[in-house]
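K.L.:
Before I ask anything, let me first share the structure, which is written out below as structure tokens.
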Amino acid sequence: MRKAGKWLIRIAVAAILFLLLSGSASAAGKRFLKAACPSVCGAQVTARWQKDEAVLSIPGSWDLSKVTLEMEDTKSLQLGQGKTRAVPGKPVDLTGMVGKKTVIRDEKGRIKGYLTILQGSQINALFLEVDAEQLVKANADKTIQITEGHAVCIEADGTVSYDGELEQLKSRGNASHWEHKKPYQFKLKKKTSLGGMSKGKTWILLANWADDSLLRNQIVLDLSRQIGMRNAIKCVQTDLWINGEYNGLYLMTEKIQIKKERINITNLEEATEKVNPSPFDAGQIAKDQSGNYPIMRYYPDVKDPEDITGGYIVTIEKEHRLRLFEEEPGFRTADELNIRIKEPTCPSEKQAEYLFNLFTEMQDALIASDGINPETGKSYEEYLDVYSFAQRYLIDEWTENYDFQGGSQYMYKDSDLVDPLIYAGPSWDYDTCLGDRKDKGYRTSDLYLTNKRYRKNWNIYWLLYGHDSFRDEINRMWPEVFRPAIDLLLGTAEAGPDSVLRSLDEYVETIRDSAAMNYVRWHMISDGAFKTARTSLDSSIRNLRAWMTKRAAWMDKTYYSEEQTD
């Protein structure tokens, strides 16, 4: 009950904080100020007021010479000392006013306040319109879904890729959900390609609250694609407005899910729904903690298709979270490997048992000194794809990703009829890595994933690292595949036309103006971070570059193939 009470308190505090924060934007009353760019789309942006000063954040794709501007209870506005006249519905040139504090007068010359206009980078812009009261509730409780609204997505070149119905908006994340700047999941009415990514309905917006560079997630997701990780997800930087109000710079990503355009494996969820009554109703989750299962959660009323061997998406979970999230399907092995089942979302008893037995057998093979399961006689390499786990090992080892411990450690498995192996990936959740946090991996010259402070048997990478064949794979992969990608990122090698990864300098310049807008909106300071990195984007990037360079140099000395020593 004490744990439940703590969660209720956190929800209440979050709701109060959000009401206080959102109140500052609407407190202006009659000074409601909005802008539009009809030549691009019908979306509008509204200014945020603090006392008599307003900040108006405008997408980078808008032509500032063709913006319309209006304020409530004022037939026209006079801007600046030159008293540039702005009449509702008629374009006004705001080009020379960006970044400057400009006095605002009404049609009679009376001062209404002061306006600072900011314009974002030439990146995607997303506008979401939802019920304001529902938004406050959804921001306080991530189980609440807003099920109707409108969405407009403007591409970096100013074209509109989507203008239509919004089917879902909800807050998401674990620790990140409790920050002021919320991460979101949204769903469109129809499949659409946003930012050049594969078509889909459901998309993720990462807030990157803990990362003042706003780039760590993008760098690692792009790195995963650069080194050829199967089913690596795509992403694009996006400015977000909700109900006209600028909500900050986000990383929009594809959702990790079983779909032809995402993780293209057998869709066991669809197969399961076909053999169950329509509409599908999974019933109540069962919680089995008998002698056979330390923890096992599944849906006993769900019937099975003929083949239950795949596909699945699972994550390694932190022990306390698996224990806490009692309505989430998953299991714990006897050797304390905690697994949450992501897809199918409502696994049957047989499906959960299948995964429990599979991961238990795999773990027993990894624990064995010779890498062979003593009961089945199968090598660990017959359970998992060594190449993908070596890729993920090097990604999380180089970045010192704190969340490798669980919650974001995705794995997937197809049907045995297609491929019997478990694959690591896709990569996910890298806002606290690359030296970002003093308490979560900041030293550049230590082993990280296999550090002795972590308990062994749930740490798959500790177990893998104990086998010569796995170490041989990462020693070959680092100099041949991984280090060339790091050189692209650090700018010591030139990216080719097919390169996904870009230099750090190019990443920075792509988001510079939007990052500045984001800092004004949120005044980002995160507990535990290096305070020297919080003074500006450039100081943050200097720290990031220095850390990546030193870490790569240490990895060069630690992981190398035998051919390099000949």
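So you can find residues: chains in the structure tokens are A, B, ... in the order shown, residues in each start at 1, and ligands are numbered from 1 in order.
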Within 12 Å of range 410-431 of chain A, which residues of range 138-175 of chain A show up? Give each one with its shortest atom-to-atom distance in Å (one decimal) and the two atoms involved, counting only C-alpha atoms, rows by chain then rising residue number, as a Markdown table.

P.N.:
```
| residue | atom | partner | partner_atom | distance |
| --- | --- | --- | --- | --- |
| A:Gly173 | CA | A:Asp429 | CA | 9.7 |
| A:Asn174 | CA | A:Asp429 | CA | 10.8 |
| A:Ala175 | CA | A:Asp431 | CA | 11.4 |
```

K.L.:
Save the residues we just selected, N, CA and C atoms, as a PDB file, in the first residue's frame?

P.N.:
```pdb
ATOM      1  N   GLY A 173       6.659   6.595 -21.291  1.00  0.00           N
ATOM      2  CA  GLY A 173       7.931   6.589 -20.585  1.00  0.00           C
ATOM      3  C   GLY A 173       7.792   6.136 -19.143  1.00  0.00           C
ATOM      4  N   ASN A 174       8.920   5.918 -18.504  1.00  0.00           N
ATOM      5  CA  ASN A 174       8.949   5.554 -17.088  1.00  0.00           C
ATOM      6  C   ASN A 174       9.357   6.774 -16.273  1.00  0.00           C
ATOM      7  N   ALA A 175      10.654   6.934 -15.994  1.00  0.00           N
ATOM      8  CA  ALA A 175      11.089   8.125 -15.258  1.00  0.00           C
ATOM      9  C   ALA A 175      10.805   9.390 -16.055  1.00  0.00           C
TER      10      ALA A 175
END
```

K.L.:
Within range 6-228 of chain A, find each residue whose DSSP state, derived from the backbone, is strand (DSSP E or B), and express the selection as a VMD selection string.

P.N.:
chain A and resid 33 to 36 44 to 46 48 to 50 53 to 58 67 to 71 74 77 to 79 84 to 86 92 98 101 to 105 111 to 119 124 to 129 146 149 to 154 160 to 171 184 to 192 200 to 206

K.L.:
Quick one: residues within 6 Å of range 123-134 of chain A, only C-alpha atoms, excluding same-chain residues fewer than 4 positions away - as an NGL selection string?

P.N.:
:A and (149-156 or 238-243)

K.L.:
Would you export the selected residues with N, CA and C atoms as a compact mmCIF listing (two decimals), in the first residue's frame, please?

P.N.:
```txt
# COMPACT_ATOMS: atom_id res chain seq x y z
N GLY A 149 -8.79 14.12 -32.08
CA GLY A 149 -8.08 15.38 -32.24
C GLY A 149 -7.68 15.56 -33.69
N HIS A 150 -6.78 16.50 -33.93
CA HIS A 150 -6.35 16.81 -35.28
C HIS A 150 -4.84 16.94 -35.29
N ALA A 151 -4.20 16.50 -36.37
CA ALA A 151 -2.75 16.55 -36.49
C ALA A 151 -2.35 17.13 -37.84
N VAL A 152 -1.31 17.96 -37.83
CA VAL A 152 -0.71 18.48 -39.06
C VAL A 152 0.80 18.29 -38.92
N CYS A 153 1.40 17.67 -39.94
CA CYS A 153 2.87 17.54 -39.95
C CYS A 153 3.42 18.26 -41.17
N ILE A 154 4.32 19.21 -40.91
CA ILE A 154 4.98 19.95 -41.98
C ILE A 154 6.41 19.44 -42.07
N GLU A 155 6.81 19.04 -43.26
CA GLU A 155 8.16 18.55 -43.46
C GLU A 155 9.16 19.72 -43.43
N ALA A 156 10.43 19.37 -43.37
CA ALA A 156 11.47 20.39 -43.28
C ALA A 156 11.46 21.33 -44.48
N THR A 238 12.03 17.05 -34.52
CA THR A 238 10.73 17.66 -34.79
C THR A 238 10.38 18.68 -33.72
N ASP A 239 9.96 19.86 -34.15
CA ASP A 239 9.39 20.83 -33.21
C ASP A 239 7.91 20.51 -33.03
N LEU A 240 7.43 20.59 -31.78
CA LEU A 240 6.06 20.20 -31.46
C LEU A 240 5.26 21.36 -30.89
N TRP A 241 4.07 21.55 -31.44
CA TRP A 241 3.09 22.48 -30.87
C TRP A 241 1.85 21.70 -30.50
N ILE A 242 1.34 21.91 -29.30
CA ILE A 242 0.09 21.29 -28.87
C ILE A 242 -0.90 22.40 -28.56
N ASN A 243 -2.02 22.36 -29.24
CA ASN A 243 -3.03 23.42 -29.11
C ASN A 243 -2.44 24.80 -29.35
```

K.L.:
Would you list, as a ChimeraX atom specification, the residues of range 430-559 of chain A that end up in alpha helix (DSSP H) under DSSP run on this structure's backbone?

P.N.:
/A:460-465,468-477,483-490,504-522,537-558

K.L.:
For a quick check of understanding, using only C-alpha atoms, which of A:Pro279, A:Ala210, A:Tyr246, A:Asn459 has the smallest distance to Arg437 in chain A?

P.N.:
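Checking each candidate against Arg437 in chain A, we get A:Ala210 as the closest.
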
K.L.:
Mind checking which residues fall within 7 Å of range 390-406 of chain A, counting only C-alpha atoms, ignoring those fewer than 5 positions away in the same chain, and posting them as a count of residues only?

P.N.:
17

K.L.:
Gln351 in chain A: which residues within 9 Å, counting only C-alpha atoms, same-chain residues fewer than 5 positions away excluded, as a short mmCIF file (atom, residue, chain, number, x, y, z; two decimals) with N, CA and C atoms, in the first residue's frame?

P.N.:
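Result file follows (around-v8.cif):
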```
data_model
loop_
_atom_site.label_atom_id
_atom_site.label_comp_id
_atom_site.auth_asym_id
_atom_site.auth_seq_id
_atom_site.Cartn_x
_atom_site.Cartn_y
_atom_site.Cartn_z
N TYR A 298 0.12 -13.80 -17.63
CA TYR A 298 -0.40 -14.12 -18.96
C TYR A 298 -1.92 -13.99 -18.93
N ASP A 304 -5.03 -20.20 -28.58
CA ASP A 304 -3.78 -20.15 -29.35
C ASP A 304 -3.98 -20.57 -30.80
N ILE A 308 2.86 -21.15 -32.07
CA ILE A 308 3.05 -20.12 -31.05
C ILE A 308 4.53 -19.78 -30.85
N THR A 309 5.37 -20.15 -31.81
CA THR A 309 6.81 -19.93 -31.64
C THR A 309 7.27 -18.53 -32.03
N GLY A 310 6.37 -17.71 -32.53
CA GLY A 310 6.74 -16.33 -32.88
C GLY A 310 5.71 -15.70 -33.78
N PRO A 344 3.04 -10.57 -28.39
CA PRO A 344 1.66 -10.07 -28.35
C PRO A 344 1.37 -9.31 -27.05
N PHE A 356 9.11 -18.48 -21.51
CA PHE A 356 9.78 -18.79 -20.24
C PHE A 356 10.77 -19.94 -20.44
#
```

K.L.:
Using only C-alpha atoms, which of A:Leu249, A:Leu94, A:Val160, A:Leu501 sits nearest Arg521 in chain A?

P.N.:
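Selected residue with least distance to Arg521 in chain A: A:Leu249.
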
K.L.:
Of the candidates A:Leu223, A:Met197, A:Ala352, A:Leu214, which shows the shortest atom-to-atom distance to Leu489 in chain A, using only C-alpha atoms?

P.N.:
A:Leu223

K.L.:
Name all residues at most 12 Å from Lys456 in chain A (count only C-alpha atoms; drop same-chain ones fewer than 3 positions away) and give them as a PDB file with N, CA and C atoms, in the first residue's frame.

P.N.:
```
ATOM      1  N   ASP A 335      16.935 -17.966 -12.498  1.00  0.00           N
ATOM      2  CA  ASP A 335      18.203 -17.242 -12.338  1.00  0.00           C
ATOM      3  C   ASP A 335      18.021 -15.733 -12.506  1.00  0.00           C
ATOM      4  N   GLU A 336      16.801 -15.264 -12.263  1.00  0.00           N
ATOM      5  CA  GLU A 336      16.488 -13.847 -12.076  1.00  0.00           C
ATOM      6  C   GLU A 336      16.632 -12.990 -13.321  1.00  0.00           C
ATOM      7  N   LEU A 337      16.400 -13.570 -14.483  1.00  0.00           N
ATOM      8  CA  LEU A 337      16.275 -12.781 -15.698  1.00  0.00           C
ATOM      9  C   LEU A 337      14.815 -12.350 -15.814  1.00  0.00           C
ATOM     10  N   GLN A 363      19.473 -18.998 -21.092  1.00  0.00           N
ATOM     11  CA  GLN A 363      20.241 -18.522 -19.956  1.00  0.00           C
ATOM     12  C   GLN A 363      21.102 -19.638 -19.369  1.00  0.00           C
ATOM     13  N   LEU A 366      24.136 -19.989 -21.471  1.00  0.00           N
ATOM     14  CA  LEU A 366      25.082 -18.897 -21.242  1.00  0.00           C
ATOM     15  C   LEU A 366      25.818 -19.067 -19.920  1.00  0.00           C
ATOM     16  N   ILE A 367      25.124 -19.570 -18.895  1.00  0.00           N
ATOM     17  CA  ILE A 367      25.749 -19.756 -17.590  1.00  0.00           C
ATOM     18  C   ILE A 367      26.798 -20.856 -17.635  1.00  0.00           C
ATOM     19  N   GLN A 405      20.492  -1.982 -18.111  1.00  0.00           N
ATOM     20  CA  GLN A 405      20.063  -2.831 -16.995  1.00  0.00           C
ATOM     21  C   GLN A 405      18.653  -3.364 -17.184  1.00  0.00           C
ATOM     22  N   LEU A 449      29.409  -2.708 -19.213  1.00  0.00           N
ATOM     23  CA  LEU A 449      28.342  -3.712 -19.165  1.00  0.00           C
ATOM     24  C   LEU A 449      28.713  -4.910 -18.307  1.00  0.00           C
ATOM     25  N   THR A 450      29.995  -5.197 -18.214  1.00  0.00           N
ATOM     26  CA  THR A 450      30.435  -6.372 -17.465  1.00  0.00           C
ATOM     27  C   THR A 450      31.134  -5.990 -16.169  1.00  0.00           C
ATOM     28  N   ASN A 451      30.877  -4.791 -15.693  1.00  0.00           N
ATOM     29  CA  ASN A 451      31.452  -4.330 -14.436  1.00  0.00           C
ATOM     30  C   ASN A 451      30.948  -5.209 -13.294  1.00  0.00           C
ATOM     31  N   LYS A 452      31.801  -5.500 -12.335  1.00  0.00           N
ATOM     32  CA  LYS A 452      31.454  -6.443 -11.266  1.00  0.00           C
ATOM     33  C   LYS A 452      30.357  -5.950 -10.341  1.00  0.00           C
ATOM     34  N   ARG A 453      30.034  -4.672 -10.407  1.00  0.00           N
ATOM     35  CA  ARG A 453      28.995  -4.197  -9.492  1.00  0.00           C
ATOM     36  C   ARG A 453      27.604  -4.687  -9.899  1.00  0.00           C
ATOM     37  N   ASN A 459      22.369 -10.431 -16.157  1.00  0.00           N
ATOM     38  CA  ASN A 459      23.127  -9.606 -17.097  1.00  0.00           C
ATOM     39  C   ASN A 459      23.608 -10.487 -18.253  1.00  0.00           C
ATOM     40  N   ILE A 460      22.834 -10.519 -19.327  1.00  0.00           N
ATOM     41  CA  ILE A 460      23.157 -11.363 -20.466  1.00  0.00           C
ATOM     42  C   ILE A 460      24.548 -11.039 -21.017  1.00  0.00           C
ATOM     43  N   TYR A 461      24.931  -9.771 -20.968  1.00  0.00           N
ATOM     44  CA  TYR A 461      26.224  -9.382 -21.534  1.00  0.00           C
ATOM     45  C   TYR A 461      27.384  -9.870 -20.680  1.00  0.00           C
ATOM     46  N   TRP A 462      27.185  -9.929 -19.379  1.00  0.00           N
ATOM     47  CA  TRP A 462      28.200 -10.529 -18.503  1.00  0.00           C
ATOM     48  C   TRP A 462      28.393 -11.988 -18.904  1.00  0.00           C
ATOM     49  N   LEU A 463      27.286 -12.695 -19.085  1.00  0.00           N
ATOM     50  CA  LEU A 463      27.356 -14.106 -19.438  1.00  0.00           C
ATOM     51  C   LEU A 463      27.977 -14.304 -20.825  1.00  0.00           C
ATOM     52  N   LEU A 464      27.571 -13.490 -21.783  1.00  0.00           N
ATOM     53  CA  LEU A 464      28.123 -13.594 -23.131  1.00  0.00           C
ATOM     54  C   LEU A 464      29.621 -13.323 -23.142  1.00  0.00           C
ATOM     55  N   TYR A 465      30.045 -12.327 -22.396  1.00  0.00           N
ATOM     56  CA  TYR A 465      31.452 -11.916 -22.395  1.00  0.00           C
ATOM     57  C   TYR A 465      32.364 -13.016 -21.855  1.00  0.00           C
ATOM     58  N   GLY A 466      31.789 -13.953 -21.137  1.00  0.00           N
ATOM     59  CA  GLY A 466      32.581 -15.055 -20.608  1.00  0.00           C
ATOM     60  C   GLY A 466      32.926 -16.111 -21.634  1.00  0.00           C
TER      61      GLY A 466
END
```

K.L.:
For Ile256 in chain A, which residue out of A:Asp52, A:Glu343, A:Asp157, A:Glu107 is the nearest one, using only C-alpha atoms?

P.N.:
A:Glu343

K.L.:
Any idea what's packed within 10 Å of Ser348 in chain A, counting only C-alpha atoms, ignoring anything in its chain fewer than 3 positions away? Could you give it as a count of residues only?

P.N.:
20

K.L.:
What does the distance between CA of Lys75 in chain A and CA of Leu33 in chain A come to in Å, to one decimal place?

P.N.:
12.2 Å

K.L.:
What does the distance between CA of Ser539 in chain A and CA of Ile511 in chain A come to in Å, to one decimal place?

P.N.:
15.0 Å
